[in-house]
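Coordinates from query-v4.txt are shown below (compact mmCIF, C-alpha atoms).
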```
# COMPACT_ATOMS: atom_id res chain seq x y z
CA MET W 1023 -17.91 40.56 0.92
CA LYS W 1024 -21.43 41.40 -0.19
CA ARG W 1025 -22.52 39.55 -3.33
CA GLU W 1026 -24.75 41.37 -5.78
CA LEU W 1027 -27.03 38.62 -7.08
CA PRO W 1028 -30.34 38.61 -8.94
CA SER W 1029 -33.40 36.92 -7.49
CA LEU W 1030 -32.99 33.16 -7.00
CA ASN W 1031 -36.54 32.62 -8.30
CA ALA W 1032 -35.67 34.61 -11.42
CA LEU W 1033 -32.57 32.47 -12.00
CA LYS W 1034 -34.57 29.26 -11.47
CA ALA W 1035 -37.29 30.34 -13.89
CA PHE W 1036 -34.76 31.41 -16.54
CA GLU W 1037 -32.66 28.22 -16.27
CA ALA W 1038 -35.76 26.01 -16.40
CA ALA W 1039 -37.14 27.85 -19.44
CA ILE W 1040 -33.92 27.35 -21.39
CA ARG W 1041 -33.43 23.74 -20.29
CA THR W 1042 -37.02 22.61 -20.92
CA GLY W 1043 -37.40 24.64 -24.11
CA SER W 1044 -40.42 26.78 -23.23
CA PHE W 1045 -42.04 28.97 -20.58
CA THR W 1046 -44.94 26.50 -20.42
CA SER W 1047 -42.70 23.53 -19.61
CA ALA W 1048 -40.79 25.61 -17.08
CA SER W 1049 -44.01 26.65 -15.36
CA ALA W 1050 -45.11 22.98 -15.11
CA GLU W 1051 -41.74 21.95 -13.65
CA LEU W 1052 -41.69 24.79 -11.12
CA ASN W 1053 -45.41 24.45 -10.34
CA VAL W 1054 -46.14 28.11 -11.08
CA THR W 1055 -48.14 29.88 -13.77
CA HIS W 1056 -46.84 30.76 -17.23
CA GLY W 1057 -47.21 34.41 -16.31
CA ALA W 1058 -45.08 33.94 -13.18
CA VAL W 1059 -42.24 32.48 -15.25
CA SER W 1060 -42.50 35.33 -17.74
CA LYS W 1061 -42.47 37.89 -14.92
CA GLN W 1062 -39.40 36.35 -13.27
CA ILE W 1063 -37.48 36.29 -16.56
CA GLN W 1064 -38.42 39.93 -17.20
CA ARG W 1065 -37.12 40.67 -13.70
CA LEU W 1066 -33.81 39.01 -14.56
CA GLU W 1067 -33.58 40.92 -17.85
CA ASN W 1068 -34.07 44.18 -15.95
CA TRP W 1069 -31.32 43.20 -13.52
CA ILE W 1070 -28.91 42.24 -16.33
CA GLY W 1071 -29.82 45.20 -18.50
CA HIS W 1072 -30.71 43.55 -21.82
CA LYS W 1073 -33.06 41.01 -23.38
CA LEU W 1074 -32.45 37.28 -23.00
CA PHE W 1075 -35.06 36.24 -25.58
CA THR W 1076 -36.05 37.52 -29.02
CA ARG W 1077 -39.47 37.08 -30.57
CA ALA W 1078 -39.98 35.04 -33.75
CA GLY W 1079 -43.67 35.10 -34.57
CA GLN W 1080 -45.43 33.66 -31.54
CA ARG W 1081 -42.26 32.10 -30.16
CA LEU W 1082 -39.59 33.48 -27.84
CA ILE W 1083 -36.10 32.37 -28.88
CA PRO W 1084 -33.20 32.54 -26.37
CA THR W 1085 -30.14 34.48 -27.48
CA THR W 1086 -26.77 32.73 -27.79
CA GLY W 1087 -25.58 34.51 -24.66
CA ALA W 1088 -28.69 33.42 -22.77
CA ILE W 1089 -28.07 29.77 -23.62
CA ALA W 1090 -24.49 29.99 -22.37
CA LEU W 1091 -25.60 31.79 -19.20
CA ALA W 1092 -28.28 29.19 -18.48
CA ALA W 1093 -25.71 26.39 -18.80
CA GLN W 1094 -23.47 28.08 -16.23
CA ILE W 1095 -26.40 28.71 -13.88
CA GLY W 1096 -27.41 25.04 -14.21
CA ASP W 1097 -23.87 23.97 -13.33
CA ALA W 1098 -23.92 26.26 -10.30
CA PHE W 1099 -27.26 24.80 -9.15
CA ASP W 1100 -25.84 21.28 -9.53
CA ARG W 1101 -22.79 22.16 -7.47
CA LEU W 1102 -24.93 23.81 -4.80
CA ALA W 1103 -27.18 20.75 -4.59
CA ASP W 1104 -24.15 18.44 -4.33
CA SER W 1105 -22.60 20.56 -1.59
CA VAL W 1106 -25.75 20.80 0.51
CA SER W 1107 -26.75 17.14 0.16
CA GLY W 1108 -23.28 15.93 1.15
CA TYR W 1109 -22.61 18.34 4.01
CA GLY W 1110 -21.89 16.61 7.29
CA SER W 1111 -22.43 13.08 5.96
CA PRO W 1112 -19.28 10.91 5.92
CA GLU W 1113 -20.94 8.45 3.53
CA ALA W 1114 -22.01 11.10 1.04
CA ARG W 1115 -20.45 11.13 -2.41
CA HIS W 1116 -17.80 13.80 -2.84
CA ILE W 1117 -17.87 15.54 -6.20
CA ILE W 1118 -14.70 16.56 -8.08
CA TYR W 1119 -15.12 18.75 -11.14
CA VAL W 1120 -12.43 18.12 -13.76
CA ALA W 1121 -11.84 19.93 -17.05
CA ALA W 1122 -9.76 17.95 -19.56
CA PRO W 1123 -8.89 17.96 -23.29
CA ALA W 1124 -11.41 15.93 -25.26
CA THR W 1125 -9.05 13.27 -26.68
CA PHE W 1126 -7.27 12.83 -23.33
CA ALA W 1127 -10.62 12.42 -21.55
CA MET W 1128 -12.11 10.01 -24.10
CA ARG W 1129 -9.06 7.87 -24.80
CA TRP W 1130 -7.13 7.89 -21.52
CA LEU W 1131 -8.94 9.23 -18.45
CA ILE W 1132 -12.48 7.87 -18.81
CA PRO W 1133 -11.39 4.26 -19.61
CA ARG W 1134 -9.39 4.27 -16.32
CA LEU W 1135 -12.01 5.83 -14.06
CA GLU W 1136 -13.60 2.47 -13.23
CA ASN W 1137 -10.33 1.52 -11.55
CA PHE W 1138 -10.43 4.76 -9.54
CA TYR W 1139 -14.01 4.14 -8.41
CA LEU W 1140 -13.12 0.64 -7.19
CA GLY W 1141 -10.76 2.19 -4.66
CA GLN W 1142 -12.73 5.39 -4.00
CA PRO W 1143 -16.46 4.58 -4.23
CA HIS W 1144 -17.49 7.81 -2.47
CA ILE W 1145 -15.71 10.16 -4.90
CA ASP W 1146 -17.52 11.13 -8.07
CA VAL W 1147 -15.44 12.64 -10.91
CA ARG W 1148 -17.45 14.97 -13.15
CA ILE W 1149 -15.63 15.65 -16.44
CA ARG W 1150 -16.09 18.49 -18.88
CA THR W 1151 -14.14 18.18 -22.12
CA THR W 1152 -12.37 21.25 -23.42
CA SER W 1153 -10.37 22.44 -26.39
CA MET W 1154 -6.61 22.62 -25.97
CA LEU W 1155 -6.89 26.17 -27.30
CA GLU W 1156 -8.97 27.39 -24.35
CA ALA W 1157 -6.73 29.50 -22.12
CA ALA W 1158 -9.50 30.39 -19.67
CA LEU W 1159 -12.46 28.20 -18.81
CA PRO W 1160 -15.91 29.37 -17.70
CA GLY W 1161 -17.31 27.84 -14.54
CA ALA W 1162 -15.59 26.41 -11.48
CA PHE W 1163 -13.33 23.34 -11.55
CA ASP W 1164 -11.29 21.56 -8.90
CA VAL W 1165 -8.75 20.23 -11.41
CA ILE W 1166 -7.90 21.39 -14.94
CA VAL W 1167 -5.82 19.04 -17.08
CA ARG W 1168 -3.66 20.75 -19.68
CA ARG W 1169 -1.16 19.49 -22.22
CA GLU W 1170 0.79 22.71 -22.40
CA PRO W 1171 3.48 23.54 -19.83
CA PRO W 1172 2.33 25.56 -16.81
CA GLN W 1173 2.24 29.30 -17.29
CA ARG W 1174 3.14 32.04 -14.84
CA GLY W 1175 0.25 33.28 -12.76
CA ARG W 1176 -1.76 30.08 -12.89
CA ALA W 1177 -2.66 27.81 -9.96
CA ALA W 1178 -0.30 25.15 -8.63
CA THR W 1179 0.31 22.30 -11.07
CA VAL W 1180 1.24 18.63 -10.80
CA HIS W 1181 2.94 16.86 -13.71
CA PHE W 1182 1.53 13.34 -14.00
CA LEU W 1183 1.98 11.97 -17.53
CA ASN W 1184 4.66 12.08 -20.22
CA GLU W 1185 3.77 11.98 -23.90
CA THR W 1186 5.46 11.06 -27.17
CA SER W 1187 4.08 11.43 -30.69
CA THR W 1188 4.63 9.12 -33.64
CA LEU W 1189 3.22 8.21 -37.04
CA MET W 1190 -0.04 6.20 -36.94
CA ALA W 1191 -2.43 4.75 -39.49
CA SER W 1192 -5.35 2.36 -39.71
CA PRO W 1193 -4.71 -1.28 -40.78
CA LYS W 1194 -6.99 -0.94 -43.79
CA LEU W 1195 -5.07 2.08 -45.08
CA LEU W 1196 -1.74 0.26 -44.80
CA ARG W 1197 -3.17 -2.82 -46.47
CA ARG W 1198 -4.22 -0.62 -49.36
CA ALA W 1199 -1.00 1.40 -49.50
CA PRO W 1200 1.81 -0.13 -47.40
CA LEU W 1201 4.67 1.88 -45.94
CA GLY W 1202 7.74 -0.08 -46.99
CA SER W 1203 9.98 2.87 -46.18
CA MET W 1204 9.63 6.44 -44.94
CA GLU W 1205 9.74 7.66 -48.53
CA ASP W 1206 6.35 6.04 -49.04
CA ILE W 1207 4.83 8.65 -46.72
CA PHE W 1208 4.87 11.10 -49.61
CA LYS W 1209 2.45 8.90 -51.54
CA HIS W 1210 -0.15 9.32 -48.80
CA THR W 1211 -2.59 11.95 -47.60
CA ILE W 1212 -1.69 13.36 -44.20
CA LEU W 1213 -4.11 14.50 -41.50
CA THR W 1214 -3.32 17.73 -39.66
CA THR W 1215 -5.12 19.53 -36.85
CA GLU W 1216 -5.26 23.09 -35.56
CA SER W 1217 -4.90 21.92 -31.95
CA ARG W 1218 -1.52 20.29 -32.74
CA PRO W 1219 -0.24 22.50 -35.58
CA SER W 1220 3.45 21.54 -35.36
CA ALA W 1221 2.99 17.77 -34.99
CA TRP W 1222 3.94 16.86 -38.56
CA ASP W 1223 6.85 19.29 -38.80
CA ASN W 1224 8.32 17.97 -35.56
CA TRP W 1225 7.95 14.33 -36.58
CA LEU W 1226 9.39 14.88 -40.07
CA ARG W 1227 12.33 16.62 -38.44
CA ALA W 1228 12.85 13.60 -36.16
CA ALA W 1229 12.64 11.37 -39.25
CA LYS W 1230 15.25 13.59 -40.98
CA LEU W 1231 12.67 14.53 -43.62
CA ASN W 1232 12.15 18.07 -42.36
CA ASP W 1233 12.64 19.75 -45.75
CA ARG W 1234 9.71 17.90 -47.29
CA LEU W 1235 5.99 17.65 -46.58
CA PRO W 1236 3.38 15.49 -48.32
CA GLN W 1237 1.25 17.62 -50.64
CA ARG W 1238 -2.10 15.98 -50.00
CA ARG W 1239 -3.62 16.80 -46.66
CA HIS W 1240 -6.84 17.23 -44.72
CA ASN W 1241 -6.86 19.77 -41.90
CA PHE W 1242 -9.25 19.51 -38.95
CA ASP W 1243 -10.02 21.87 -36.08
CA HIS W 1244 -9.84 19.26 -33.30
CA PHE W 1245 -7.51 16.31 -32.90
CA PHE W 1246 -10.26 13.80 -32.08
CA VAL W 1247 -11.81 14.52 -35.51
CA ALA W 1248 -8.47 13.88 -37.22
CA MET W 1249 -8.13 10.71 -35.16
CA GLN W 1250 -11.49 9.45 -36.38
CA ALA W 1251 -10.45 10.21 -39.94
CA ALA W 1252 -7.29 8.15 -39.39
CA LEU W 1253 -9.33 5.26 -37.97
CA ASP W 1254 -11.52 5.42 -41.08
CA GLY W 1255 -8.44 5.15 -43.33
CA LEU W 1256 -8.51 8.68 -44.72
CA GLY W 1257 -4.80 9.30 -44.16
CA LEU W 1258 -1.75 9.23 -41.91
CA MET W 1259 -1.64 11.09 -38.61
CA ILE W 1260 0.82 11.92 -35.87
CA GLY W 1261 -0.71 10.49 -32.70
CA PRO W 1262 0.16 10.69 -29.00
CA LEU W 1263 1.27 7.84 -26.75
CA PRO W 1264 0.26 6.70 -24.16
CA ILE W 1265 -3.04 8.47 -24.87
CA LEU W 1266 -3.75 6.10 -27.77
CA ASP W 1267 -2.12 3.02 -26.20
CA ASP W 1268 -5.42 1.12 -26.15
CA ASP W 1269 -6.05 1.81 -29.85
CA VAL W 1270 -2.57 0.54 -30.71
CA ALA W 1271 -2.86 -2.48 -28.40
CA THR W 1272 -6.16 -3.56 -29.97
CA GLY W 1273 -4.86 -3.02 -33.53
CA ARG W 1274 -7.25 -0.17 -34.37
CA LEU W 1275 -4.17 1.91 -35.13
CA LEU W 1276 -0.73 0.77 -36.29
CA VAL W 1277 2.66 2.41 -35.64
CA PRO W 1278 4.78 1.79 -38.76
CA PHE W 1279 7.98 3.42 -37.43
CA PRO W 1280 7.98 3.02 -33.63
CA ASN W 1281 11.61 4.13 -33.27
CA THR W 1282 10.88 7.55 -34.77
CA PHE W 1283 9.02 9.71 -32.27
CA VAL W 1284 8.91 13.16 -30.69
CA VAL W 1285 9.04 13.77 -26.94
CA GLU W 1286 6.23 16.15 -26.01
CA ASN W 1287 5.53 18.31 -22.96
CA GLY W 1288 3.19 15.84 -21.31
CA TYR W 1289 0.22 16.60 -19.07
CA VAL W 1290 -0.18 18.65 -15.93
CA ALA W 1291 -3.10 18.99 -13.54
CA GLU W 1292 -3.84 22.51 -12.38
CA ILE W 1293 -5.18 22.55 -8.85
CA ALA W 1294 -7.89 25.17 -8.69
CA ARG W 1295 -8.03 25.14 -4.89
CA VAL W 1296 -5.83 24.03 -2.00
CA ALA W 1297 -5.94 20.27 -1.43
CA ARG W 1298 -4.86 18.82 1.89
CA GLY W 1299 -4.63 15.40 3.52
CA ALA W 1300 -7.48 13.06 2.62
CA ASP W 1301 -9.20 15.74 0.58
CA PRO W 1302 -10.88 14.10 -2.47
CA VAL W 1303 -8.88 16.35 -4.80
CA SER W 1304 -5.61 15.14 -3.22
CA ILE W 1305 -6.73 11.53 -3.57
CA PHE W 1306 -7.58 12.06 -7.24
CA LEU W 1307 -4.24 13.78 -7.93
CA GLU W 1308 -2.29 10.97 -6.23
CA TRP W 1309 -4.15 8.47 -8.40
CA LEU W 1310 -3.36 10.47 -11.56
CA VAL W 1311 0.36 10.49 -10.69
CA GLU W 1312 0.30 6.76 -9.90
CA ILE W 1313 -1.32 5.67 -13.16
CA GLY W 1314 0.76 8.19 -15.07
CA LYS W 1315 3.96 6.53 -13.81
CA ALA W 1316 2.59 3.11 -14.72
CA ALA W 1317 1.94 4.29 -18.29
CA THR W 1318 5.55 5.36 -18.93
```
Show how you would write the structure in this file as structure tokens.
Amino acid sequence: MKRELPSLNALKAFEAAIRTGSFTSASAELNVTHGAVSKQIQRLENWIGHKLFTRAGQRLIPTTGAIALAAQIGDAFDRLADSVSGYGSPEARHIIYVAAPATFAMRWLIPRLENFYLGQPHIDVRIRTTSMLEAALPGAFDVIVRREPPQRGRAATVHFLNETSTLMASPKLLRRAPLGSMEDIFKHTILTTESRPSAWDNWLRAAKLNDRLPQRRHNFDHFFVAMQAALDGLGLMIGPLPILDDDVATGRLLVPFPNTFVVENGYVAEIARVARGADPVSIFLEWLVEIGKAAT
């Protein structure tokens, strides 16, 4: 299949100009003149069909779309460089590109990657954090971790981790306002999040308090922001286990009512391409399943 692509030099000049912040810096990096960079970017604009920069006085400002495009082109260049440098060399590092929800990546996956590297020193896991609300992701990934159940029409999936949710709070909050009973919840501020909108309703139902909801609340767009607010003592949250196991184990977060919890859907890994045998993606997936079983 014939690919319709713009000039590689035009793409290189455009990506460098965005990344370095100016045509002058891009020209120095690429060892060409300022005019050559400008000409290549104009060539790319003609190919695309609209402007990538707007003028503000003497400065050229990239559009929002241009910044996003440059990031994707940079990722593609990185992947191309990785593929070419590792081709044919058994000792070369193999790159796996993984997209994962931010809290899962920060609190569960990244702290365990050192263990993975000890057994697989030639596999490099590159992680991009995502929002749970993103149905489609730009760019190319080998594995996409999702909390939601698999949907029809998507790539093959592997379930690797179960999840439960329960009430959590910081020690300093509970020292200031203890929870002697579940009724004391209604004296507190609760922390809600758009990425887990039903968390409180589900937990209150499990606690047989489903007809009531604390009046004071703070709502956040992402769970990791709500989690930080909980760590700072701003209010009570419904948090996931085993994702926050380390925070509970170290005492950063307390679980006042451990026997009241909600069983969630858990995590699946979407396989964006076929993985066979000793393929690095297969090795990574087997490791995910192994540590997922150990966590439950």
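Candidate residues W:Trp1225, W:Phe1036, W:Phe1138, W:Phe1126 were compared for distance to Met1204 (chain W), and the nearest is W:Trp1225, using all atoms listed in the file.
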Between CA of Gly1255 (chain W) and CA of Pro1193 (chain W), what is the spacing in Å?
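It comes out at 7.9 Å.
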Just the residues within 10 Å of region 1068-1071 of chain W, please, counting only C-alpha atoms, with nothing from its chain fewer than 6 positions along; format it as an NGL selection string.
:W and (1027-1029 or 1032 or 1062)
Rows by chain and residue number, region 1232-1291 of chain W within 12 Å of region 1207-1223 of chain W, shortest pair, all atoms listed in the file, as CSV:
```
residue,atom,partner,partner_atom,distance
W:Asn1232,CA,W:Asp1223,CA,6.5
W:Asp1233,CA,W:Asp1223,CA,9.1
W:Arg1234,CA,W:Phe1208,CA,8.7
W:Leu1235,CA,W:Phe1208,CA,7.3
W:Pro1236,CA,W:Phe1208,CA,4.8
W:Gln1237,CA,W:Thr1211,CA,7.5
W:Arg1238,CA,W:Thr1211,CA,4.7
W:Arg1239,CA,W:Ile1212,CA,4.6
W:His1240,CA,W:Leu1213,CA,5.0
W:Asn1241,CA,W:Thr1214,CA,4.7
W:Phe1242,CA,W:Thr1215,CA,4.6
W:Asp1243,CA,W:Glu1216,CA,4.9
W:His1244,CA,W:Ser1217,CA,5.8
W:Phe1245,CA,W:Thr1215,CA,5.6
W:Phe1246,CA,W:Thr1215,CA,9.1
W:Val1247,CA,W:Thr1215,CA,8.5
W:Ala1248,CA,W:Leu1213,CA,6.1
W:Met1249,CA,W:Leu1213,CA,8.4
W:Gln1250,CA,W:Leu1213,CA,10.3
W:Ala1251,CA,W:Leu1213,CA,7.8
W:Ala1252,CA,W:Leu1213,CA,7.4
W:Leu1253,CA,W:Leu1213,CA,11.2
W:Asp1254,CA,W:Leu1213,CA,11.7
W:Gly1255,CA,W:Thr1211,CA,9.9
W:Leu1256,CA,W:Thr1211,CA,7.4
W:Gly1257,CA,W:Thr1211,CA,4.9
W:Leu1258,CA,W:Ile1212,CA,4.7
W:Met1259,CA,W:Leu1213,CA,5.1
W:Ile1260,CA,W:Ala1221,CA,6.3
W:Gly1261,CA,W:Ala1221,CA,8.5
W:Pro1262,CA,W:Ala1221,CA,9.7
W:Pro1278,CA,W:Ile1207,CA,10.5
W:Phe1279,CA,W:Ile1207,CA,11.1
W:Phe1283,CA,W:Ala1221,CA,10.4
W:Val1284,CA,W:Ala1221,CA,8.6
W:Val1285,CA,W:Ala1221,CA,10.8
W:Glu1286,CA,W:Ala1221,CA,9.7
```
If I put a ball of radius 8 Å at (-16.1, 16.0, -13.3) in the file's coordinates, which residues poke into it when counting all atoms listed in the file, written as a PDB file with C-alpha atoms, in the coordinates of the input?
```pdb
ATOM      1  CA  ILE W1117     -17.870  15.540  -6.200  1.00  0.00           C
ATOM      2  CA  ILE W1118     -14.700  16.560  -8.080  1.00  0.00           C
ATOM      3  CA  TYR W1119     -15.120  18.750 -11.140  1.00  0.00           C
ATOM      4  CA  VAL W1120     -12.430  18.120 -13.760  1.00  0.00           C
ATOM      5  CA  ALA W1121     -11.840  19.930 -17.050  1.00  0.00           C
ATOM      6  CA  ASP W1146     -17.520  11.130  -8.070  1.00  0.00           C
ATOM      7  CA  VAL W1147     -15.440  12.640 -10.910  1.00  0.00           C
ATOM      8  CA  ARG W1148     -17.450  14.970 -13.150  1.00  0.00           C
ATOM      9  CA  ILE W1149     -15.630  15.650 -16.440  1.00  0.00           C
ATOM     10  CA  ARG W1150     -16.090  18.490 -18.880  1.00  0.00           C
TER      11      ARG W1150
END
```
Could you list, as a VMD selection string, every residue within 10 Å of Leu1310 (chain W), counting only C-alpha atoms and ignoring same-chain residues fewer than 6 positions away?
chain W and resid 1131 1134 1138 1180 to 1183 1290 to 1291 1304 1316
Pick from W:Asn1287, W:Asn1053, W:Thr1186, W:Ser1044, whichever lies nearest to Ala1317 (chain W) using all atoms listed in the file:
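Nearest to Ala1317 (chain W): W:Thr1186.
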Could you tell me how far CA of Leu1091 (chain W) lies from CA of Ile1166 (chain W), in Å and to one decimal?
21.0 Å
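Interatomic distance, CA of Arg1198 (chain W) to CA of Leu1263 (chain W): 24.8 Å.
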Rank W:Thr1151, W:Gln1094, W:Asn1224, W:Thr1046 by their smallest atom-to-atom distance to Met1128 (chain W), using all atoms listed in the file, and report the top residue only.
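Using all atoms listed in the file, the shortest distance to Met1128 (chain W) belongs to W:Thr1151.
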Pick the closest to Asp1206 (chain W) from W:Leu1275, W:Leu1231, W:Ile1293, W:Thr1152: which is it, counting only C-alpha atoms?
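Among the listed residues, the smallest separation from Asp1206 (chain W) belongs to W:Leu1231.
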